>>> print(open('coords18.tsv').read())   # TSV, C-alpha atoms and all ligand atoms
chain	number	residue	atom	x	y	z
X	17	MET	CA	134.76	149.66	49.14
X	18	LYS	CA	137.12	152.40	50.10
X	19	LEU	CA	135.15	154.56	52.50
X	20	SER	CA	132.23	154.00	54.88
X	21	LEU	CA	130.41	156.95	56.34
X	22	VAL	CA	128.89	155.92	59.67
X	23	VAL	CA	125.97	158.16	60.57
X	24	PRO	CA	124.17	157.81	63.93
X	25	CYS	CA	120.64	159.19	63.66
X	26	TYR	CA	118.20	159.87	66.44
X	27	ASN	CA	115.11	161.84	65.45
X	28	GLU	CA	116.69	163.34	62.37
X	29	GLU	CA	113.80	162.90	59.90
X	30	LYS	CA	114.37	166.26	58.25
X	31	ASN	CA	118.14	165.98	58.19
X	32	VAL	CA	118.88	162.57	56.70
X	33	SER	CA	117.90	163.45	53.14
X	34	LEU	CA	119.71	166.80	53.40
X	35	PHE	CA	122.74	164.88	54.60
X	36	TYR	CA	122.47	162.40	51.74
X	37	GLU	CA	122.31	165.19	49.20
X	38	ALA	CA	125.23	167.02	50.80
X	39	VAL	CA	127.37	163.89	50.62
X	40	LYS	CA	126.40	163.30	47.02
X	41	LYS	CA	127.31	166.87	46.13
X	42	ASP	CA	130.61	167.01	48.04
X	43	PHE	CA	131.69	163.56	46.85
X	44	SER	CA	130.72	164.02	43.22
X	45	GLY	CA	133.65	163.16	41.02
X	46	VAL	CA	135.64	161.18	43.60
X	47	ASP	CA	137.34	158.16	42.08
X	48	PHE	CA	136.64	155.74	44.91
X	49	GLU	CA	133.68	153.76	46.15
X	50	TYR	CA	131.88	154.78	49.31
X	51	GLU	CA	128.87	153.65	51.32
X	52	LEU	CA	126.54	155.27	53.81
X	53	VAL	CA	125.89	153.30	57.00
X	54	PHE	CA	122.99	154.93	58.81
X	55	VAL	CA	122.18	153.77	62.32
X	56	ASN	CA	118.61	154.54	63.30
X	57	ASP	CA	118.97	154.79	67.07
X	58	GLY	CA	115.34	154.14	67.99
X	59	SER	CA	114.06	157.39	66.53
X	60	ARG	CA	110.52	158.29	67.46
X	61	ASP	CA	109.88	160.37	64.37
X	62	GLY	CA	109.90	159.42	60.70
X	63	THR	CA	113.67	158.94	60.45
X	64	PHE	CA	113.41	155.27	59.53
X	65	LYS	CA	110.93	156.01	56.73
X	66	GLU	CA	113.17	158.73	55.38
X	67	LEU	CA	116.15	156.40	55.49
X	68	GLN	CA	114.23	153.72	53.60
X	69	LYS	CA	113.47	156.28	50.90
X	70	LEU	CA	117.21	156.93	50.55
X	71	CYS	CA	117.71	153.25	49.73
X	72	GLY	CA	116.15	153.91	46.34
X	73	GLY	CA	118.97	156.28	45.37
X	74	ASP	CA	122.14	155.40	43.54
X	75	LEU	CA	124.52	155.33	46.53
X	76	PRO	CA	125.14	152.17	48.55
X	77	VAL	CA	123.05	152.61	51.71
X	78	LYS	CA	122.86	150.39	54.77
X	79	ILE	CA	120.46	150.94	57.64
X	80	VAL	CA	121.02	149.42	61.06
X	81	ASN	CA	117.64	149.76	62.69
X	82	PHE	CA	117.79	149.65	66.50
X	83	SER	CA	114.96	148.21	68.56
X	84	ARG	CA	115.05	151.25	70.84
X	85	ASN	CA	117.26	154.24	71.65
X	86	PHE	CA	120.62	152.92	72.82
X	87	GLY	CA	122.53	156.21	72.61
X	88	LYS	CA	125.09	157.61	70.20
X	89	GLU	CA	127.92	155.51	71.64
X	90	SER	CA	126.10	152.26	70.83
X	91	ALA	CA	125.07	153.63	67.45
X	92	MET	CA	128.70	154.36	66.57
X	93	TYR	CA	129.71	150.86	67.63
X	94	ALA	CA	127.01	149.31	65.45
X	95	GLY	CA	127.96	151.51	62.52
X	96	LEU	CA	131.64	150.60	62.78
X	97	LYS	CA	130.67	146.95	62.98
X	98	GLU	CA	128.54	147.05	59.85
X	99	SER	CA	130.97	149.17	57.85
X	100	GLU	CA	132.96	147.56	55.05
X	101	GLY	CA	135.30	150.35	53.97
X	102	ASP	CA	139.07	150.45	54.24
X	103	TYR	CA	138.51	153.87	55.76
X	104	VAL	CA	135.62	154.64	58.09
X	105	THR	CA	134.32	158.09	58.98
X	106	VAL	CA	131.98	158.74	61.89
X	107	ILE	CA	129.88	161.80	61.13
X	108	ASP	CA	126.68	163.34	62.57
X	109	ALA	CA	123.47	163.43	60.58
X	110	ASP	CA	122.65	167.04	61.39
X	111	LEU	CA	125.19	168.59	58.99
X	112	GLN	CA	127.08	170.28	61.81
X	113	GLN	CA	130.03	168.40	60.44
X	114	ARG	CA	130.44	169.06	56.72
X	115	PRO	CA	130.89	165.94	54.58
X	116	SER	CA	133.53	167.87	52.59
X	117	ILE	CA	135.78	167.70	55.67
X	118	ALA	CA	135.45	163.92	55.62
X	119	LEU	CA	136.78	164.03	52.08
X	120	ASP	CA	139.73	166.13	53.28
X	121	MET	CA	140.37	163.51	55.96
X	122	VAL	CA	140.46	160.75	53.36
X	123	ASN	CA	142.92	162.72	51.25
X	124	MET	CA	145.08	163.31	54.31
X	125	LEU	CA	145.19	159.60	55.14
X	126	ASP	CA	146.10	158.88	51.53
X	127	ALA	CA	148.89	161.42	51.64
X	128	GLU	CA	150.22	160.54	55.09
X	129	PRO	CA	150.73	156.80	55.62
X	130	ASP	CA	152.05	157.41	59.14
X	131	TYR	CA	148.64	158.36	60.42
X	132	ASP	CA	145.88	155.87	61.19
X	133	CYS	CA	143.22	158.36	62.13
X	134	ILE	CA	142.33	161.96	61.37
X	135	ALA	CA	140.20	163.51	64.10
X	136	ALA	CA	138.50	166.87	64.02
X	137	TYR	CA	138.41	169.13	67.03
X	138	GLN	CA	136.26	172.16	67.47
X	139	ASP	CA	138.22	175.27	66.87
X	140	GLU	CA	135.75	177.85	67.99
X	141	ARG	CA	133.01	176.66	70.25
X	142	LYS	CA	129.60	178.13	69.84
X	143	GLU	CA	128.77	177.37	73.44
X	144	SER	CA	128.10	179.31	76.61
X	145	GLU	CA	131.12	180.36	78.65
X	146	LEU	CA	129.89	178.36	81.62
X	147	LEU	CA	129.79	175.17	79.57
X	148	VAL	CA	133.23	175.84	78.14
X	149	PHE	CA	134.49	176.37	81.70
X	150	PHE	CA	133.07	173.05	82.92
X	151	LYS	CA	134.36	171.19	79.89
X	152	LYS	CA	137.85	172.58	80.51
X	153	ARG	CA	137.71	171.47	84.15
X	154	PHE	CA	136.57	168.02	83.05
X	155	TYR	CA	139.48	167.60	80.63
X	156	ASN	CA	142.00	168.81	83.20
X	157	LEU	CA	140.62	166.40	85.77
X	158	ILE	CA	140.42	163.31	83.60
X	159	ASN	CA	143.84	163.90	82.03
X	160	LYS	CA	145.35	164.24	85.48
X	161	PHE	CA	143.99	160.95	86.75
X	162	SER	CA	143.77	158.77	83.66
X	163	ASP	CA	146.64	157.23	81.71
X	164	THR	CA	144.64	157.68	78.54
X	165	GLU	CA	145.01	161.05	76.86
X	166	PHE	CA	141.93	163.15	76.25
X	167	VAL	CA	142.25	166.00	73.79
X	168	GLN	CA	140.20	169.05	74.66
X	169	GLY	CA	137.41	169.71	72.18
X	170	ALA	CA	138.09	166.53	70.18
X	171	SER	CA	134.89	165.27	68.60
X	172	ASP	CA	133.73	161.87	67.38
X	173	PHE	CA	134.07	163.23	63.85
X	174	ARG	CA	136.97	161.06	62.71
X	175	THR	CA	138.24	158.96	59.86
X	176	PHE	CA	139.97	155.70	60.75
X	177	ARG	CA	141.89	153.14	58.83
X	178	ARG	CA	140.41	149.65	58.99
X	179	PRO	CA	142.93	148.15	61.49
X	180	MET	CA	142.08	150.87	64.01
X	181	VAL	CA	138.37	150.20	63.52
X	182	GLU	CA	138.96	146.52	64.24
X	183	ALA	CA	140.86	147.46	67.39
X	184	ILE	CA	138.00	149.64	68.59
X	185	LEU	CA	135.50	146.87	67.87
X	186	GLN	CA	137.50	144.49	70.03
X	187	MET	CA	136.52	146.57	73.01
X	188	ASP	CA	133.00	145.44	73.54
X	189	GLU	CA	132.55	147.04	76.92
X	190	TYR	CA	129.04	148.10	77.81
X	191	PHE	CA	129.86	151.55	79.17
X	192	ARG	CA	131.38	153.18	76.16
X	193	PHE	CA	133.16	156.49	76.27
X	194	SER	CA	134.39	156.62	72.71
X	195	LYS	CA	136.73	159.57	73.04
X	196	GLY	CA	138.64	157.49	75.56
X	197	LEU	CA	138.42	154.24	73.59
X	198	PHE	CA	139.71	155.95	70.44
X	199	SER	CA	142.71	157.15	72.39
X	200	TRP	CA	143.18	153.94	74.40
X	201	VAL	CA	143.69	151.74	71.32
X	202	GLY	CA	146.75	153.78	70.41
X	203	TYR	CA	147.68	154.28	66.75
X	204	ASN	CA	148.67	157.68	65.36
X	205	THR	CA	145.97	160.27	65.34
X	206	LYS	CA	146.25	163.63	63.68
X	207	PHE	CA	144.01	166.37	65.02
X	208	ILE	CA	142.70	168.98	62.64
X	209	PRO	CA	140.60	172.00	63.62
X	210	TYR	CA	137.15	172.39	62.14
X	211	GLU	CA	134.36	174.85	62.49
X	212	VAL	CA	131.05	173.48	63.68
X	213	GLU	CA	128.11	174.48	61.51
X	214	GLU	CA	124.68	175.28	62.83
X	215	ARG	CA	122.36	172.30	63.03
X	216	ALA	CA	120.46	171.93	59.72
X	217	THR	CA	117.14	171.34	61.52
X	218	GLY	CA	115.97	170.05	64.90
X	219	THR	CA	117.67	170.46	68.27
X	220	SER	CA	120.67	168.96	70.01
X	221	LYS	CA	119.98	165.98	72.25
X	222	TRP	CA	122.49	167.15	74.83
X	223	SER	CA	121.29	168.96	77.92
X	224	PHE	CA	123.63	170.12	80.66
X	225	TRP	CA	122.54	167.22	82.86
X	226	LYS	CA	123.15	164.67	80.10
X	227	LEU	CA	126.61	166.13	79.51
X	228	PHE	CA	127.33	165.89	83.23
X	229	LYS	CA	126.31	162.24	83.28
X	230	TYR	CA	128.41	161.60	80.19
X	231	ALA	CA	131.43	163.24	81.84
X	232	MET	CA	130.95	161.01	84.90
X	233	GLU	CA	130.80	158.02	82.58
X	234	GLY	CA	134.15	159.04	81.17
X	235	ILE	CA	135.70	159.33	84.61
X	236	PHE	CA	134.36	156.00	85.87
X	237	ALA	CA	135.35	154.26	82.63
X	238	PHE	CA	138.89	155.54	82.43
X	239	THR	CA	140.19	156.00	85.93
X	240	THR	CA	139.81	154.36	89.30
X	241	ALA	CA	141.23	157.44	91.01
X	242	PRO	CA	137.93	158.27	92.79
X	243	LEU	CA	138.31	155.00	94.71
X	244	ARG	CA	141.49	156.36	96.19
X	245	ILE	CA	139.58	159.29	97.66
X	246	SER	CA	138.33	157.10	100.51
X	247	THR	CA	141.84	155.86	101.27
X	248	VAL	CA	143.24	159.39	101.30
X	249	MET	CA	140.36	160.82	103.33
X	250	GLY	CA	140.52	157.94	105.79
X	251	PHE	CA	144.23	158.50	106.26
X	252	VAL	CA	143.88	162.25	106.73
X	253	THR	CA	140.98	161.84	109.20
X	254	ALA	CA	142.92	159.28	111.23
X	255	LEU	CA	145.91	161.61	111.39
X	256	ILE	CA	143.81	164.57	112.50
X	257	SER	CA	142.09	162.36	115.13
X	258	VAL	CA	145.40	161.31	116.66
X	259	ILE	CA	146.57	164.94	116.88
X	260	TYR	CA	143.25	165.96	118.41
X	261	LEU	CA	143.45	163.07	120.88
X	262	ILE	CA	146.85	164.26	122.07
X	263	VAL	CA	145.53	167.81	122.42
X	264	VAL	CA	142.56	166.63	124.49
X	265	VAL	CA	144.66	164.44	126.78
X	266	VAL	CA	147.21	167.21	127.37
X	267	GLN	CA	144.44	169.73	128.05
X	268	LYS	CA	142.84	167.43	130.60
X	269	LEU	CA	145.99	166.28	132.39
X	270	ALA	CA	148.00	169.49	132.38
X	271	PHE	CA	145.32	172.14	132.67
X	272	GLY	CA	142.29	170.21	133.88
X	273	ILE	CA	140.12	171.71	131.12
X	274	ASP	CA	136.99	169.73	130.29
X	275	VAL	CA	136.44	169.29	126.59
X	276	PRO	CA	133.32	171.08	125.38
X	277	GLY	CA	131.27	168.22	124.08
X	278	TYR	CA	128.02	168.62	122.17
X	279	ALA	CA	128.89	170.76	119.16
X	280	THR	CA	132.14	168.96	118.46
X	281	THR	CA	130.49	165.55	118.63
X	282	VAL	CA	127.60	166.47	116.36
X	283	VAL	CA	129.85	168.12	113.78
X	284	LEU	CA	132.24	165.18	113.77
X	285	ILE	CA	129.46	162.61	113.39
X	286	LEU	CA	127.92	164.51	110.52
X	287	LEU	CA	131.25	165.13	108.83
X	288	LEU	CA	132.41	161.53	109.08
X	289	GLY	CA	128.99	160.20	108.13
X	290	GLY	CA	129.01	162.42	105.06
X	291	ILE	CA	132.48	161.37	104.00
X	292	GLN	CA	131.62	157.70	104.48
X	293	LEU	CA	128.42	157.89	102.48
X	294	CYS	CA	130.24	159.72	99.73
X	295	CYS	CA	132.91	157.03	99.58
X	296	ILE	CA	130.36	154.21	99.62
X	297	GLY	CA	128.61	155.99	96.76
X	298	ILE	CA	131.81	156.09	94.72
X	299	ILE	CA	132.50	152.41	95.37
X	300	GLY	CA	128.88	151.74	94.45
X	301	GLU	CA	129.33	153.42	91.06
X	302	TYR	CA	132.11	150.98	90.21
X	303	ILE	CA	130.28	147.96	91.60
X	304	ALA	CA	127.16	148.86	89.65
X	305	ARG	CA	129.16	149.06	86.43
X	306	THR	CA	130.87	145.76	87.18
X	307	TYR	CA	127.45	144.21	87.87
X	308	ILE	CA	125.95	145.42	84.62
X	309	GLN	CA	129.04	144.47	82.62
X	310	THR	CA	129.05	140.92	84.04
X	311	LYS	CA	125.53	140.40	82.75
X	312	GLY	CA	127.12	140.54	79.33
X	313	ARG	CA	124.17	142.20	77.65
X	314	PRO	CA	124.69	143.32	74.06
X	315	ILE	CA	125.67	146.92	73.36
X	316	TYR	CA	122.71	147.29	71.02
X	317	ILE	CA	119.90	145.25	69.52
X	318	ALA	CA	119.11	145.76	65.87
X	319	LYS	CA	115.63	144.87	64.66
X	320	ASN	CA	117.01	144.57	61.17
X	321	VAL	CA	119.89	145.59	58.94
X	322	ILE	CA	118.84	146.74	55.51
X	323	LYS	CA	121.15	146.94	52.51
X	324	ASN	CA	119.95	148.61	49.33
X	325	HIS	CA	120.18	147.28	45.77
X	326	LYS	CA	123.74	148.56	45.38
X	327	TYR	CA	125.02	145.65	47.45
X	328	GLU	CA	123.51	142.94	45.26
X	329	LYS	CA	126.28	141.78	43.08
Z	401	LIG	N1	122.40	160.66	68.29
Z	401	LIG	C1	122.15	159.29	68.36
Z	401	LIG	N2	121.58	158.79	69.51
Z	401	LIG	C2	121.27	159.58	70.58
Z	401	LIG	C3	121.58	160.96	70.50
Z	401	LIG	C4	122.14	161.47	69.34
Z	401	LIG	O1	122.40	158.56	67.42
Z	401	LIG	O2	120.77	159.07	71.57
Z	401	LIG	C5	123.01	161.22	67.04
Z	401	LIG	C6	122.27	162.41	66.46
Z	401	LIG	O3	121.22	162.01	65.61
Z	401	LIG	C7	123.37	163.14	65.71
Z	401	LIG	C8	124.60	162.86	66.56
Z	401	LIG	O4	124.28	161.70	67.34
Z	401	LIG	O5	123.56	162.62	64.40
Z	401	LIG	C9	124.97	164.03	67.46
Z	401	LIG	O6	123.87	164.39	68.25
Z	401	LIG	P1	123.51	165.91	68.57
Z	401	LIG	O7	123.51	166.70	67.33
Z	401	LIG	O8	122.29	165.90	69.40
Z	401	LIG	O9	124.76	166.33	69.48
Z	401	LIG	P2	125.62	167.66	69.39
Z	401	LIG	O10	125.95	167.89	67.93
Z	401	LIG	O11	124.76	168.74	69.94
Z	401	LIG	O12	126.83	167.36	70.22
Z	402	MG	MG	124.75	167.98	66.43
>>> encode(input="coords18.tsv", output="structure tokens")
Amino acid sequence: MKLSLVVPCYNEEKNVSLFYEAVKKDFSGVDFEYELVFVNDGSRDGTFKELQKLCGGDLPVKIVNFSRNFGKESAMYAGLKESEGDYVTVIDADLQQRPSIALDMVNMLDAEPDYDCIAAYQDERKESELLVFFKKRFYNLINKFSDTEFVQGASDFRTFRRPMVEAILQMDEYFRFSKGLFSWVGYNTKFIPYEVEERATGTSKWSFWKLFKYAMEGIFAFTTAPLRISTVMGFVTALISVIYLIVVVVQKLAFGIDVPGYATTVVLILLLGGIQLCCIGIIGEYIARTYIQTKGRPIYIAKNVIKNHKYEK
């Protein structure tokens, strides 16, 4: 098997057969073997039924059927794990990422032995300016504080060589932020621009709030810099307090001025209380993740893994 296409699917009943046909069309005439590894991420619609229908076709099809929705990150992990190809492409089911580009990626890897991964990044974003602004801020922030490099606009749409896939699979952490993991494992990645198509059918599963949570996940997974906030703030507050103490003592001794009390006290209590709660919250985020990770729960649970007749040999 030369190539595995890993396809996470969550409520994509109308798209999976379109995707299958698109792959068949774009890959017609290639002189290598390829398989489709669909991961049904606990879809609530007829996705699983549609996928089972695809098993009757003449392409090798595998279905990893999750017991519930575990999220795209878990779906990608499962797909990589079940893939058999020397090259593995992660691609969305909604045809926003053309299968023909995956073919280009394969050709690039064939032509350039120095690269272990070809990754697509969005050239022109069909997104609101506000979202683009926040995404930019996020990338600036995380690149500043994390040792891992995050490329702006890089997507999960990538083709890896097998050794890189094995490296990624070694990282079985529960909180997965794949863009970071892909970069953390090293290897040589070539970034190519691509234009995102409109979704074939259905809607995106990403809301602004979900994206925000995902961004936080990335920060907590790849840098401990927020923990330093409390140290820095504690230091700064202590310094200011000492200066203020000197001011108050001098005022009292030299000029006999009484310090006005109420407002200052209330503001200081609220300010310090706020800072402390904020810092405890940040520490809590890390402790919570440590707690969940130590339980060692699996990244996903598959009800079953189905392989079609093409695998019987
Ligand atoms: N997806 C998934 N599990 C989820 C959410 C999404 O497997 O919980 C899949 C989805 O079916 C699609 C891909 O991940 O194939 C990208 O999702 P979507 O199109 O919603 O994201 P966008 O393209 O808007 O970034
Ligand atoms: Mg999409």
>>> closest_residue(input="coords18.tsv", among="X:Glu189, X:Glu49, X:Glu66, X:Glu214", to="ligand LIG 401 (chain Z)", atoms="only C-alpha atoms and all ligand atoms")
X:Glu214
>>> closest_residue(input="coords18.tsv", among="X:Leu157, X:Val23, X:Ile245, X:Val167", to="ligand LIG 401 (chain Z)", atoms="only C-alpha atoms and all ligand atoms")
X:Val23
>>> residues_near_ligand(input="coords18.tsv", ligand="ligand MG 402 (chain Z)", cutoff="12 Å", atoms="all atoms listed in the file", output="NGL selection string")
:X and (23-28 or 31 or 88 or 107-114 or 142 or 171-173 or 212-222)
>>> residues_around(input="coords18.tsv", residues="Tyr203 (chain X)", least_positions_apart="6", cutoff="9 Å", atoms="only C-alpha atoms", output="JSON, numbers by chain")
{"X": [131, 132, 133, 180]}
>>> closest_residue(input="coords18.tsv", among="X:Trp200, X:Phe251, X:Tyr36, X:Phe86", to="Cys71 (chain X)", atoms="all atoms listed in the file")
X:Tyr36
>>> atom_distance(input="coords18.tsv", atom1="CA of Phe48 (chain X)", atom2="atom C6 of ligand LIG 401 (chain Z)")
26.7 Å
>>> residues_around(input="coords18.tsv", residues="Gln68 (chain X)", least_positions_apart="6", cutoff="10 Å", atoms="all atoms listed in the file", output="ChimeraX atom specification")
/X:77-79,322-324
>>> residues_around(input="coords18.tsv", residues="Gly95 (chain X)", least_positions_apart="6", cutoff="8 Å", atoms="all atoms listed in the file", output="ChimeraX atom specification")
/X:22-24,53-55,80
>>> write_last_selection(input="coords18.tsv", atoms="C-alpha atoms", output="compact mmCIF listing (two decimals), in the coordinates of the input")
# COMPACT_ATOMS: atom_id res chain seq x y z
CA VAL X 22 128.89 155.92 59.67
CA VAL X 23 125.97 158.16 60.57
CA PRO X 24 124.17 157.81 63.93
CA VAL X 53 125.89 153.30 57.00
CA PHE X 54 122.99 154.93 58.81
CA VAL X 55 122.18 153.77 62.32
CA VAL X 80 121.02 149.42 61.06
>>> atom_distance(input="coords18.tsv", atom1="CA of Met232 (chain X)", atom2="CA of Phe207 (chain X)")
24.4 Å
